[in-house]
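Printed here is query_4.txt (compact mmCIF, C-alpha atoms):
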# COMPACT_ATOMS: atom_id res chain seq x y z
CA MET A 1 64.39 -9.11 -19.36
CA SER A 2 62.69 -11.20 -22.03
CA GLU A 3 64.20 -11.67 -25.45
CA LYS A 4 64.48 -14.37 -28.08
CA ARG A 5 67.82 -13.89 -29.75
CA ASN A 6 69.86 -10.73 -29.39
CA ARG A 7 69.42 -7.02 -29.02
CA THR A 8 69.51 -6.36 -32.76
CA GLN A 9 66.70 -8.85 -33.24
CA LYS A 10 64.82 -7.90 -30.11
CA THR A 11 61.06 -7.94 -30.15
CA ALA A 12 58.58 -6.22 -27.85
CA VAL A 13 58.44 -7.57 -24.33
CA ARG A 14 56.49 -10.65 -23.39
CA ILE A 15 54.49 -9.09 -20.60
CA GLY A 16 53.45 -11.19 -17.67
CA ALA A 17 52.89 -10.12 -14.09
CA ALA A 18 53.44 -11.05 -10.48
CA ALA A 19 52.19 -9.65 -7.24
CA VAL A 20 52.86 -9.11 -3.55
CA GLY A 21 50.98 -7.33 -0.72
CA SER A 22 47.61 -5.62 -0.26
CA ILE A 23 44.72 -6.14 -2.67
CA ALA A 24 42.74 -3.97 -5.06
CA PHE A 25 40.07 -5.56 -7.26
CA VAL A 26 39.25 -4.35 -10.75
CA ALA A 27 37.03 -5.72 -13.52
CA VAL A 28 38.77 -5.94 -16.88
CA SER A 29 38.34 -7.48 -20.31
CA ILE A 30 41.27 -9.88 -20.25
CA GLY A 31 41.86 -13.52 -19.50
CA LEU A 32 38.41 -15.11 -19.42
CA SER A 33 36.26 -12.00 -19.83
CA ALA A 34 34.34 -10.58 -22.78
CA ALA A 35 36.40 -9.20 -25.64
CA SER A 36 37.14 -5.46 -25.46
CA GLU A 37 37.05 -2.69 -28.01
CA HIS A 38 39.85 -0.25 -28.77
CA ALA A 39 39.76 2.65 -31.24
CA GLY A 40 36.44 1.31 -32.54
CA THR A 41 37.90 -2.08 -33.45
CA LYS A 42 36.45 -5.12 -31.76
CA LEU A 43 38.94 -7.82 -30.96
CA PRO A 44 38.07 -11.15 -32.59
CA GLY A 45 35.70 -13.54 -30.87
CA GLU A 46 33.44 -13.52 -27.86
CA ILE A 47 35.28 -14.78 -24.81
CA GLN A 48 33.47 -17.66 -23.13
CA TYR A 49 34.26 -18.63 -19.58
CA ILE A 50 33.06 -21.07 -16.99
CA GLN A 51 31.41 -19.86 -13.82
CA ALA A 52 33.20 -22.00 -11.26
CA GLU A 53 34.49 -21.94 -7.73
CA ALA A 54 38.23 -21.89 -7.23
CA PRO A 55 39.62 -25.38 -6.68
CA ALA A 56 40.77 -26.27 -3.20
CA ALA A 57 44.44 -25.46 -2.68
CA ALA A 58 46.62 -28.46 -1.94
CA ASN A 59 49.37 -26.22 -0.56
CA GLU A 60 49.22 -25.14 3.06
CA ASN A 61 49.75 -21.51 2.08
CA GLY A 62 46.40 -21.44 0.25
CA VAL A 63 47.74 -20.66 -3.23
CA VAL A 64 45.79 -22.45 -5.96
CA THR A 65 48.39 -23.67 -8.44
CA ALA A 66 48.22 -23.81 -12.21
CA ASP A 67 47.94 -27.59 -11.98
CA GLU A 68 44.83 -27.21 -9.84
CA TRP A 69 43.29 -24.57 -12.10
CA GLU A 70 43.74 -26.88 -15.08
CA GLN A 71 40.59 -28.81 -14.20
CA VAL A 72 38.56 -25.60 -14.64
CA TYR A 73 40.43 -23.82 -17.48
CA PRO A 74 42.40 -26.49 -19.39
CA ASP A 75 42.98 -24.42 -22.55
CA ILE A 76 44.27 -21.40 -20.67
CA VAL A 77 46.59 -23.48 -18.50
CA ALA A 78 47.87 -25.28 -21.59
CA SER A 79 48.67 -21.94 -23.22
CA TYR A 80 50.40 -20.82 -20.01
CA ARG A 81 52.57 -23.93 -20.07
CA SER A 82 53.57 -23.25 -23.66
CA ASN A 83 55.69 -20.37 -22.34
CA ALA A 84 58.28 -23.04 -21.60
CA ASP A 85 59.17 -22.87 -25.31
CA ASN A 86 60.91 -19.57 -24.55
CA SER A 87 64.13 -20.94 -23.08
CA TYR A 88 66.86 -19.27 -25.17
CA ARG A 89 69.28 -17.07 -23.25
CA VAL A 90 71.48 -14.22 -24.41
CA ASP A 91 74.62 -13.42 -22.41
CA TYR A 92 74.61 -9.63 -22.47
CA LEU A 93 78.10 -9.40 -20.99
CA GLU A 94 79.46 -11.17 -24.06
CA GLN A 95 77.15 -9.46 -26.51
CA ASP A 96 77.84 -5.94 -25.20
CA PRO A 97 81.40 -6.03 -23.82
CA TYR A 98 81.22 -2.51 -22.39
CA LEU A 99 78.72 -3.67 -19.73
CA PRO A 100 81.25 -5.04 -17.20
CA THR A 101 82.92 -1.62 -17.25
CA LEU A 102 79.66 0.24 -16.65
CA TYR A 103 78.42 -2.16 -13.95
CA GLU A 104 81.81 -2.60 -12.26
CA GLY A 105 81.33 -3.50 -8.62
CA TYR A 106 77.70 -4.56 -9.05
CA GLY A 107 76.13 -7.98 -9.55
CA PHE A 108 75.22 -7.30 -13.17
CA ALA A 109 78.93 -7.21 -14.02
CA LYS A 110 79.14 -10.86 -12.93
CA ASP A 111 76.04 -12.32 -14.52
CA TYR A 112 73.62 -10.66 -16.92
CA THR A 113 71.62 -12.86 -19.27
CA SER A 114 68.22 -12.42 -20.84
CA ALA A 115 65.39 -13.87 -18.83
CA VAL A 116 63.54 -16.81 -20.26
CA ALA A 117 59.83 -17.52 -19.84
CA HIS A 118 57.95 -16.72 -16.64
CA THR A 119 57.69 -20.46 -16.11
CA TYR A 120 61.43 -20.48 -15.30
CA THR A 121 61.50 -17.72 -12.69
CA LEU A 122 62.56 -19.88 -9.74
CA GLU A 123 65.25 -21.55 -11.83
CA ASP A 124 66.47 -18.12 -12.90
CA VAL A 125 66.79 -16.67 -9.44
CA ALA A 126 68.42 -19.83 -8.08
CA GLY A 127 70.97 -20.02 -10.87
CA THR A 128 72.11 -16.42 -11.14
CA GLU A 129 75.61 -15.53 -10.01
CA ARG A 130 74.36 -12.19 -8.73
CA PRO A 131 74.22 -12.24 -4.92
CA HIS A 132 70.86 -12.38 -3.16
CA PRO A 133 71.30 -12.40 0.62
CA LEU A 134 67.66 -11.57 1.35
CA ALA A 135 64.32 -12.93 0.20
CA ASN A 136 63.22 -9.58 -1.25
CA CYS A 137 64.63 -10.60 -4.65
CA LEU A 138 61.80 -13.16 -4.81
CA THR A 139 59.24 -10.34 -5.03
CA CYS A 140 58.20 -11.04 -8.63
CA LYS A 141 59.35 -14.64 -8.94
CA THR A 142 56.70 -16.83 -7.35
CA PRO A 143 53.14 -16.67 -5.98
CA ASP A 144 54.35 -18.50 -2.88
CA TYR A 145 56.39 -15.44 -1.92
CA THR A 146 53.49 -13.21 -2.93
CA LYS A 147 51.36 -15.00 -0.36
CA LEU A 148 54.14 -14.91 2.23
CA VAL A 149 54.31 -11.12 1.99
CA ASN A 150 50.51 -10.97 2.12
CA ASP A 151 50.62 -12.91 5.40
CA MET A 152 53.74 -11.44 7.02
CA GLY A 153 53.88 -7.90 5.69
CA THR A 154 57.18 -6.13 5.06
CA ALA A 155 59.03 -8.40 7.50
CA ALA A 156 59.06 -10.99 4.71
CA TYR A 157 61.48 -8.82 2.72
CA GLN A 158 64.18 -9.27 5.36
CA LEU A 159 64.03 -13.06 5.52
CA ASP A 160 67.07 -15.11 4.57
CA PHE A 161 67.04 -16.00 0.89
CA GLU A 162 68.09 -19.64 1.11
CA GLU A 163 65.65 -20.53 3.89
CA THR A 164 62.80 -18.78 2.12
CA PHE A 165 63.63 -20.15 -1.31
CA ALA A 166 63.38 -23.68 0.06
CA GLN A 167 59.67 -23.01 0.70
CA MET A 168 58.94 -21.85 -2.85
CA GLY A 169 57.40 -24.30 -5.30
CA GLU A 170 55.50 -22.44 -8.02
CA ASN A 171 56.83 -20.21 -10.77
CA ILE A 172 54.84 -17.11 -11.75
CA SER A 173 51.31 -18.38 -12.36
CA CYS A 174 47.59 -17.75 -11.94
CA TYR A 175 47.67 -16.40 -8.38
CA ASN A 176 50.02 -13.59 -9.39
CA CYS A 177 47.43 -11.90 -11.59
CA HIS A 178 44.09 -13.36 -10.57
CA GLU A 179 44.76 -14.50 -6.99
CA ASN A 180 42.35 -17.38 -6.28
CA GLN A 181 39.39 -15.82 -8.10
CA ALA A 182 37.06 -17.84 -10.31
CA GLY A 183 33.68 -17.44 -11.93
CA ASP A 184 34.01 -13.66 -12.15
CA GLY A 185 35.15 -13.19 -15.73
CA GLY A 186 38.87 -13.42 -15.06
CA ARG A 187 38.96 -10.48 -12.68
CA LEU A 188 42.49 -9.19 -12.18
CA VAL A 189 43.93 -8.64 -8.73
CA VAL A 190 46.74 -6.21 -7.98
CA THR A 191 48.34 -7.61 -4.86
CA HIS A 192 51.63 -5.74 -4.53
CA SER A 193 51.48 -3.58 -1.44
CA TYR A 194 54.15 -1.27 -2.85
CA VAL A 195 51.88 -0.43 -5.79
CA LYS A 196 49.18 0.76 -3.42
CA ASN A 197 51.72 2.61 -1.30
CA ALA A 198 53.17 4.39 -4.30
CA LEU A 199 50.08 5.15 -6.36
CA GLY A 200 47.15 5.06 -3.93
CA ASP A 201 43.99 6.38 -5.61
CA GLU A 202 45.88 6.88 -8.89
CA MET A 203 45.59 3.14 -9.44
CA GLU A 204 41.96 3.72 -10.39
CA GLY A 205 43.02 5.73 -13.43
CA ILE A 206 45.29 3.03 -14.87
CA ASN A 207 43.90 0.34 -17.12
CA ALA A 208 43.70 -2.79 -14.97
CA ALA A 209 45.32 -4.98 -17.62
CA VAL A 210 48.24 -2.55 -17.76
CA LEU A 211 48.59 -2.40 -13.99
CA ALA A 212 48.39 -6.18 -13.60
CA CYS A 213 51.47 -6.56 -15.78
CA GLY A 214 53.04 -3.29 -14.74
CA GLN A 215 53.12 -4.16 -11.05
CA CYS A 216 56.22 -6.22 -11.87
CA HIS A 217 57.36 -4.67 -15.14
CA ILE A 218 58.46 -1.50 -13.36
CA GLU A 219 61.39 0.49 -12.07
CA TYR A 220 61.78 -0.39 -8.39
CA TYR A 221 64.27 -0.25 -5.54
CA PHE A 222 64.81 -1.88 -2.15
CA ASP A 223 64.47 0.46 0.79
CA PRO A 224 67.91 0.76 2.44
CA GLU A 225 66.46 0.28 5.95
CA THR A 226 63.45 -2.03 5.64
CA LYS A 227 64.66 -3.84 2.48
CA ALA A 228 61.08 -3.62 1.22
CA THR A 229 60.37 -3.29 -2.49
CA GLY A 230 59.33 0.25 -3.45
CA MET A 231 58.43 2.34 -6.49
CA PRO A 232 60.22 5.72 -6.80
CA TYR A 233 57.16 7.90 -7.41
CA HIS A 234 53.63 8.59 -6.19
CA SER A 235 51.76 9.36 -9.41
CA VAL A 236 51.73 8.59 -13.10
CA ALA A 237 53.08 12.08 -13.76
CA GLU A 238 56.15 11.23 -11.65
CA MET A 239 56.94 8.11 -13.69
CA ASP A 240 59.10 10.29 -15.94
CA PRO A 241 62.79 9.23 -15.82
CA GLU A 242 63.84 12.78 -14.83
CA ALA A 243 61.43 12.73 -11.89
CA ILE A 244 62.53 9.24 -10.86
CA LEU A 245 66.19 10.27 -10.84
CA ALA A 246 65.25 13.36 -8.79
CA TYR A 247 63.47 11.04 -6.34
CA TYR A 248 66.62 8.94 -5.92
CA ASP A 249 68.83 12.03 -5.69
CA GLY A 250 66.55 13.54 -3.07
CA MET A 251 66.80 10.50 -0.81
CA GLY A 252 70.52 10.09 -1.46
CA PHE A 253 69.93 6.63 -2.89
CA SER A 254 72.44 4.58 -4.85
CA ASP A 255 72.30 0.90 -5.73
CA TRP A 256 76.07 0.76 -5.36
CA THR A 257 79.15 2.96 -5.21
CA GLN A 258 81.69 2.27 -7.92
CA GLU A 259 85.06 1.80 -6.25
CA SER A 260 87.22 3.04 -9.12
CA THR A 261 85.26 6.26 -9.72
CA GLY A 262 83.68 6.89 -6.31
CA ALA A 263 80.35 7.50 -8.09
CA GLY A 264 77.10 6.39 -6.48
CA MET A 265 75.24 4.63 -9.29
CA VAL A 266 71.60 3.76 -9.89
CA LYS A 267 70.73 0.58 -11.80
CA ALA A 268 67.49 0.85 -13.76
CA GLN A 269 65.36 -2.28 -13.68
CA HIS A 270 62.74 -2.93 -16.39
CA PRO A 271 60.52 0.16 -16.62
CA GLU A 272 57.89 -1.04 -19.08
CA LEU A 273 55.01 0.45 -17.05
CA GLU A 274 56.67 3.85 -16.81
CA THR A 275 57.68 3.87 -20.47
CA PHE A 276 54.22 2.85 -21.69
CA LEU A 277 52.31 5.36 -19.56
CA ASN A 278 54.74 8.23 -20.11
CA GLY A 279 53.34 9.80 -23.27
CA SER A 280 52.85 6.71 -25.42
CA VAL A 281 49.94 7.19 -27.82
CA HIS A 282 49.02 3.53 -27.37
CA ALA A 283 48.42 3.92 -23.63
CA ALA A 284 45.03 5.54 -24.30
CA LEU A 285 43.99 2.82 -26.75
CA LEU A 286 45.51 -0.49 -25.73
CA ASN A 287 46.54 -2.57 -22.76
CA CYS A 288 49.38 -5.07 -22.41
CA ALA A 289 47.17 -8.07 -23.16
CA ASP A 290 45.95 -6.58 -26.43
CA CYS A 291 49.45 -6.84 -27.87
CA HIS A 292 51.04 -9.66 -25.89
CA MET A 293 48.23 -12.17 -25.24
CA ALA A 294 46.54 -13.29 -28.44
CA LYS A 295 43.00 -14.57 -28.77
CA ALA A 296 42.74 -18.32 -29.38
CA VAL A 297 39.95 -20.78 -30.14
CA SER A 298 39.53 -24.06 -28.28
CA ASP A 299 38.55 -27.38 -29.86
CA SER A 300 34.99 -26.71 -28.72
CA GLY A 301 34.92 -23.41 -30.60
CA ALA A 302 35.18 -21.13 -27.55
CA THR A 303 37.41 -18.06 -27.86
CA TYR A 304 39.73 -17.34 -24.97
CA THR A 305 42.78 -15.23 -24.22
CA SER A 306 45.99 -17.15 -24.61
CA HIS A 307 48.30 -16.94 -21.63
CA LYS A 308 51.41 -17.39 -23.73
CA TRP A 309 53.13 -14.01 -23.42
CA GLU A 310 54.84 -13.14 -26.67
CA SER A 311 55.85 -10.33 -28.94
CA PRO A 312 53.15 -9.06 -31.29
CA LEU A 313 55.79 -9.24 -34.02
CA ALA A 314 55.67 -13.01 -33.62
CA ASN A 315 51.89 -13.21 -33.91
CA PRO A 316 50.28 -12.20 -37.23
CA THR A 317 46.79 -12.16 -35.67
CA ILE A 318 47.78 -9.40 -33.26
CA LEU A 319 49.90 -7.58 -35.80
CA ASN A 320 47.02 -7.47 -38.27
CA THR A 321 44.87 -5.48 -35.82
CA CYS A 322 47.35 -2.60 -36.19
CA VAL A 323 46.02 -2.04 -39.72
CA GLU A 324 42.87 -0.41 -38.30
CA CYS A 325 44.93 2.59 -37.20
CA HIS A 326 48.08 2.33 -39.30
CA GLY A 327 46.54 1.32 -42.61
CA ASP A 328 48.51 -1.00 -44.85
CA THR A 329 51.84 -0.12 -43.22
CA ASP A 330 54.21 -3.04 -42.83
CA MET A 331 54.10 -2.88 -39.04
CA LYS A 332 56.72 -5.52 -38.50
CA ALA A 333 59.22 -3.63 -40.64
CA LYS A 334 58.25 -0.33 -39.03
CA VAL A 335 58.76 -1.63 -35.48
CA GLN A 336 61.99 -3.39 -36.34
CA ALA A 337 63.34 -0.18 -37.88
CA ILE A 338 62.69 1.62 -34.58
CA GLN A 339 64.33 -1.19 -32.63
CA ASP A 340 67.36 -1.24 -34.90
CA GLU A 341 67.74 2.53 -34.48
CA ILE A 342 67.47 2.42 -30.68
CA THR A 343 69.74 -0.60 -30.37
CA ALA A 344 72.45 1.10 -32.43
CA ARG A 345 72.27 4.21 -30.26
CA GLU A 346 72.37 2.11 -27.09
CA ARG A 347 75.57 0.47 -28.25
CA GLU A 348 77.15 3.75 -29.34
CA LEU A 349 76.32 5.45 -26.05
CA GLY A 350 77.26 2.40 -23.99
CA GLU A 351 80.75 2.58 -25.44
CA LYS A 352 80.94 6.33 -24.82
CA LEU A 353 79.85 5.86 -21.20
CA ALA A 354 82.46 3.14 -20.74
CA SER A 355 85.10 5.56 -22.03
CA LEU A 356 83.83 8.21 -19.63
CA LYS A 357 83.94 5.80 -16.72
CA THR A 358 87.51 4.74 -17.58
CA SER A 359 88.69 8.35 -17.88
CA LEU A 360 87.03 9.28 -14.59
CA ALA A 361 88.61 6.30 -12.83
CA GLU A 362 92.04 7.26 -14.17
CA THR A 363 91.61 10.84 -12.99
CA VAL A 364 90.54 9.68 -9.53
CA ALA A 365 93.55 7.36 -9.32
CA ALA A 366 95.91 10.11 -10.43
CA GLY A 367 94.74 12.44 -7.66
CA THR A 368 95.15 15.48 -9.91
CA MET A 369 91.65 16.93 -9.57
CA ALA A 370 89.94 18.55 -6.58
CA GLU A 371 87.14 16.58 -4.91
CA ASP A 372 84.47 19.18 -5.70
CA ALA A 373 85.32 18.97 -9.39
CA LEU A 374 85.32 15.18 -9.26
CA ASN A 375 81.91 15.17 -7.59
CA GLU A 376 80.48 17.30 -10.37
CA ILE A 377 81.73 14.79 -12.94
CA ARG A 378 80.50 11.87 -10.84
CA SER A 379 77.03 13.40 -10.77
CA LEU A 380 77.03 13.85 -14.55
CA TYR A 381 78.24 10.29 -15.04
CA ARG A 382 75.59 8.89 -12.67
CA SER A 383 72.84 10.76 -14.51
CA ALA A 384 74.13 9.92 -18.00
CA GLN A 385 74.25 6.23 -17.21
CA TRP A 386 70.78 6.35 -15.62
CA TYR A 387 69.13 7.73 -18.76
CA TRP A 388 70.99 5.24 -20.97
CA ASP A 389 70.16 2.32 -18.68
CA PHE A 390 66.48 3.31 -18.55
CA VAL A 391 66.29 2.55 -22.27
CA TYR A 392 68.73 -0.37 -22.35
CA VAL A 393 66.81 -2.46 -19.82
CA GLU A 394 63.32 -1.57 -21.09
CA ASN A 395 62.31 -4.58 -23.09
CA SER A 396 60.81 -3.06 -26.22
CA GLU A 397 63.85 -1.26 -27.68
CA GLY A 398 61.79 1.85 -28.31
CA ALA A 399 58.66 0.10 -29.58
CA HIS A 400 56.62 0.97 -26.50
CA ASN A 401 57.51 4.66 -26.66
CA SER A 402 60.08 5.68 -29.26
CA SER A 403 59.96 9.39 -28.42
CA LEU A 404 60.81 8.72 -24.76
CA ALA A 405 63.63 6.36 -25.73
CA ARG A 406 65.15 8.98 -28.02
CA ARG A 407 64.77 11.70 -25.38
CA CYS A 408 66.55 9.59 -22.76
CA LEU A 409 69.40 8.69 -25.10
CA ASP A 410 69.81 12.31 -26.20
CA LYS A 411 69.98 13.41 -22.58
CA SER A 412 72.45 10.67 -21.73
CA GLU A 413 74.75 11.70 -24.56
CA SER A 414 74.58 15.39 -23.64
CA LEU A 415 75.48 14.66 -20.01
CA ALA A 416 78.27 12.27 -21.01
CA ASP A 417 79.76 14.86 -23.38
CA GLU A 418 79.65 17.48 -20.64
CA ALA A 419 81.47 15.15 -18.24
CA LEU A 420 84.09 14.25 -20.85
CA GLY A 421 84.64 17.95 -21.49
CA LEU A 422 85.31 18.56 -17.81
CA LEU A 423 87.79 15.70 -17.86
CA GLY A 424 89.50 17.27 -20.87
CA VAL A 425 88.81 14.24 -23.05
What does the file become when written as structure tokens?
Amino acid sequence: MSEKRNRTQKTAVRIGAAAVGSIAFVAVSIGLSAASEHAGTKLPGEIQYIQAEAPAAANENGVVTADEWEQVYPDIVASYRSNADNSYRVDYLEQDPYLPTLYEGYGFAKDYTSAVAHTYTLEDVAGTERPHPLANCLTCKTPDYTKLVNDMGTAAYQLDFEETFAQMGENISCYNCHENQAGDGGRLVVTHSYVKNALGDEMEGINAAVLACGQCHIEYYFDPETKATGMPYHSVAEMDPEAILAYYDGMGFSDWTQESTGAGMVKAQHPELETFLNGSVHAALLNCADCHMAKAVSDSGATYTSHKWESPLANPTILNTCVECHGDTDMKAKVQAIQDEITARERELGEKLASLKTSLAETVAAGTMAEDALNEIRSLYRSAQWYWDFVYVENSEGAHNSSLARRCLDKSESLADEALGLLGV
């Protein structure tokens, strides 16, 4: 997750991307390409780019690093490096003290801090106290692992973490979104094999700049047998949180079983792609880069797309483009009002779910309720926490899709109240 300060001051997600697996090529107006138009409004500046061959890769794995790309695109690489300014961490376990109760028995109860910039991904995964026995947790952390999966296939997901991590040298960078392409207008490359496996031909209907970021900013799971990364749906229509939960229920999947309650729980990840495409009015008009990658002008006067991923609330240039559709509305105040509303409901429901979990655990320990009745409550609890978590871990606090956030929180509360009623609380 990517935040600056805390959940009450949270801004929309800084979208980046990473990749792993088979390749699909798509032309798109992002990065070094010509400026696009949305809702009749042309983005500022004509993007100028250099027709150039990709530099030779110094690494044996063939990945061209950001350092090597700098000789071709110095301004873009400089903007990419400026992501290092985003280094502030929030300890969610301290900020939201009900979390250890909800995540009891899972790694997020031990260590759960906000992610910093994409230029710290290897440091993040190395430093977390959450266990990572296999290399599959490197899926969206480094282009070196991206290439390893490209070369080895799904067997790479079962490799030992420590041995594999020792081979990794580059944080998320150019290869993750553009592979080693050059001179083609910044063409994006979707390289995650699980994206192709999940969406197939439906990929063609998704804006390439959305899919490039969304291939990592998704809800995902690790297959219990192969340990491969997977997406729990096969179409955009199935990206709905109800359908995703039905997918997990149908395969009998749980991320962990909570010892005190006996409930098999599902931990949502960071479903920005699903939230954005699931009924958001902006999905038909904008892509991730439009709001999270501002246009910039080099010393030579050329306009390019900055590769510093940031909230549009932090960039007046991006925020001002909202006026074309929203008029003179104070967009920053409007978005922050949504985020304050959603954050308050998250906290309220988080505390209610913690109370539900505690009551369920006490009832299980007392042995006073039949197993069938307990299983009904466990199912309600599992579902209630899923819908709450789907919103809690999505990085925009309702800004990407406020109606979906409200719907999920309403459903979570209804399920939690039903479970509490059955417990007699």
As an exercise, work out the distance from CA of Asp328 (chain A) to CA of Ala296 (chain A) in Å and give it to one decimal place.
23.9 Å
Which residues of region 217-265 of chain A come within 8 Å of region 93-115 of chain A, and what is each one's closest atom pair and distance in Å (one decimal), counting only C-alpha atoms, sorted by chain and residue number, as a tab-separated table?
residue	atom	partner	partner_atom	distance
A:Trp256	CA	A:Tyr106	CA	6.7
A:Thr257	CA	A:Gly105	CA	7.6
A:Gln258	CA	A:Gly105	CA	5.8
A:Glu259	CA	A:Gly105	CA	6.9
With 12 Å as the threshold, what does the neighbourhood of (57.9, -25.8, -21.3) contain in terms of residues, counting all atoms listed in the file? Coordinates are those of the file; answer as a ChimeraX atom specification.
/A:77-88,116-120,171,308
Name the closest residue to Asp417 (chain A) among the candidates A:Tyr221, A:Tyr392, A:Tyr381, A:Tyr247; distances are taken between atoms, counting all atoms listed in the file.
A:Tyr381
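The spacing separating CA of Ala135 (chain A) from CA of Phe253 (chain A) amounts to 20.6 Å.
Selecting by distance to (70.9, 15.5, -10.5) with a limit of 10 Å and using all atoms listed in the file, one obtains A:Glu242, A:Ala243, A:Leu245, A:Ala246, A:Tyr247, A:Tyr248, A:Asp249, A:Gly250, A:Glu376, A:Ser379, A:Leu380, A:Arg382, A:Ser383, A:Ala384.
Residue nearest Tyr73 (chain A), chosen from A:Cys137, A:Leu349, A:Ala302, A:Ala337 and counting all atoms listed in the file: A:Ala302.
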Which residues of region 149-215 of chain A come within 8 Å of region 267-281 of chain A, and what is each one's closest atom pair and distance in Å (one decimal), counting all atoms listed in the file, sorted by chain and residue number, as a Markdown table?
| residue | atom | partner | partner_atom | distance |
| --- | --- | --- | --- | --- |
| A:Val210 | CA | A:Leu273 | CA | 7.4 |
| A:Leu211 | CA | A:Leu273 | CA | 7.7 |
| A:Cys213 | CA | A:Leu273 | CA | 8.0 |
| A:Gly214 | CA | A:Leu273 | CA | 4.8 |
| A:Gln215 | CA | A:Leu273 | CA | 7.8 |
Write out the residues from the selection above, keeping C-alpha atoms, as an mmCIF file, in the coordinates of the input.
data_model
loop_
_atom_site.group_PDB
_atom_site.id
_atom_site.type_symbol
_atom_site.label_atom_id
_atom_site.label_comp_id
_atom_site.auth_asym_id
_atom_site.auth_seq_id
_atom_site.Cartn_x
_atom_site.Cartn_y
_atom_site.Cartn_z
ATOM 1 C CA VAL A 210 48.240 -2.550 -17.760
ATOM 2 C CA LEU A 211 48.590 -2.400 -13.990
ATOM 3 C CA CYS A 213 51.470 -6.560 -15.780
ATOM 4 C CA GLY A 214 53.040 -3.290 -14.740
ATOM 5 C CA GLN A 215 53.120 -4.160 -11.050
#
Env of Gly62 (chain A): 12 Å cut, atoms = only C-alpha atoms, seq-sep filter 2 positions within chain, self excluded. Answer as a PyMOL selection string.
chain A and resi 54-60+64-65+68+143-148+150-151+175+179-180
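Interatomic distance, CA of Arg187 (chain A) against CA of Ala212 (chain A): 10.4 Å.
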Determine, counting only C-alpha atoms, which protein, DNA and RNA residues have an atom within 12 Å of an atom of Thr226 (chain A); residues of the same chain fewer than 2 positions away are not included. Present the result as a PyMOL selection string.
chain A and resi 134+136+153-159+221-224+228-230
Just so I have it separately, write region 130-143 of chain A from the block I sent, keeping N, CA and C atoms, as a PDB file, in the first residue's frame.
ATOM      1  N   ARG A 130       6.749 -10.376   8.089  1.00  0.00           N
ATOM      2  CA  ARG A 130       5.843 -11.415   7.584  1.00  0.00           C
ATOM      3  C   ARG A 130       6.670 -12.505   6.922  1.00  0.00           C
ATOM      4  N   PRO A 131       6.340 -13.758   7.144  1.00  0.00           N
ATOM      5  CA  PRO A 131       7.149 -14.853   6.587  1.00  0.00           C
ATOM      6  C   PRO A 131       7.015 -14.933   5.074  1.00  0.00           C
ATOM      7  N   HIS A 132       8.092 -15.323   4.405  1.00  0.00           N
ATOM      8  CA  HIS A 132       8.054 -15.535   2.960  1.00  0.00           C
ATOM      9  C   HIS A 132       8.975 -16.709   2.604  1.00  0.00           C
ATOM     10  N   PRO A 133       8.460 -17.932   2.779  1.00  0.00           N
ATOM     11  CA  PRO A 133       9.292 -19.118   2.524  1.00  0.00           C
ATOM     12  C   PRO A 133       9.615 -19.334   1.051  1.00  0.00           C
ATOM     13  N   LEU A 134       8.758 -18.845   0.165  1.00  0.00           N
ATOM     14  CA  LEU A 134       8.955 -19.080  -1.268  1.00  0.00           C
ATOM     15  C   LEU A 134       9.181 -17.769  -2.011  1.00  0.00           C
ATOM     16  N   ALA A 135       9.718 -17.905  -3.223  1.00  0.00           N
ATOM     17  CA  ALA A 135      10.046 -16.736  -4.033  1.00  0.00           C
ATOM     18  C   ALA A 135       8.824 -16.080  -4.647  1.00  0.00           C
ATOM     19  N   ASN A 136       7.646 -16.719  -4.562  1.00  0.00           N
ATOM     20  CA  ASN A 136       6.473 -16.136  -5.225  1.00  0.00           C
ATOM     21  C   ASN A 136       6.110 -14.758  -4.684  1.00  0.00           C
ATOM     22  N   CYS A 137       6.536 -14.415  -3.475  1.00  0.00           N
ATOM     23  CA  CYS A 137       6.233 -13.084  -2.941  1.00  0.00           C
ATOM     24  C   CYS A 137       7.066 -12.002  -3.609  1.00  0.00           C
ATOM     25  N   LEU A 138       7.975 -12.389  -4.507  1.00  0.00           N
ATOM     26  CA  LEU A 138       8.752 -11.416  -5.281  1.00  0.00           C
ATOM     27  C   LEU A 138       8.060 -11.040  -6.583  1.00  0.00           C
ATOM     28  N   THR A 139       6.858 -11.572  -6.807  1.00  0.00           N
ATOM     29  CA  THR A 139       6.171 -11.401  -8.084  1.00  0.00           C
ATOM     30  C   THR A 139       6.150  -9.958  -8.567  1.00  0.00           C
ATOM     31  N   CYS A 140       5.819  -9.022  -7.742  1.00  0.00           N
ATOM     32  CA  CYS A 140       5.703  -7.620  -8.160  1.00  0.00           C
ATOM     33  C   CYS A 140       6.756  -6.747  -7.499  1.00  0.00           C
ATOM     34  N   LYS A 141       7.920  -7.303  -7.223  1.00  0.00           N
ATOM     35  CA  LYS A 141       8.926  -6.545  -6.487  1.00  0.00           C
ATOM     36  C   LYS A 141      10.142  -6.156  -7.310  1.00  0.00           C
ATOM     37  N   THR A 142      10.426  -6.863  -8.381  1.00  0.00           N
ATOM     38  CA  THR A 142      11.668  -6.636  -9.106  1.00  0.00           C
ATOM     39  C   THR A 142      11.590  -7.193 -10.521  1.00  0.00           C
ATOM     40  N   PRO A 143      12.151  -6.482 -11.507  1.00  0.00           N
ATOM     41  CA  PRO A 143      12.171  -7.009 -12.871  1.00  0.00           C
ATOM     42  C   PRO A 143      13.047  -8.245 -13.008  1.00  0.00           C
TER      43      PRO A 143
END
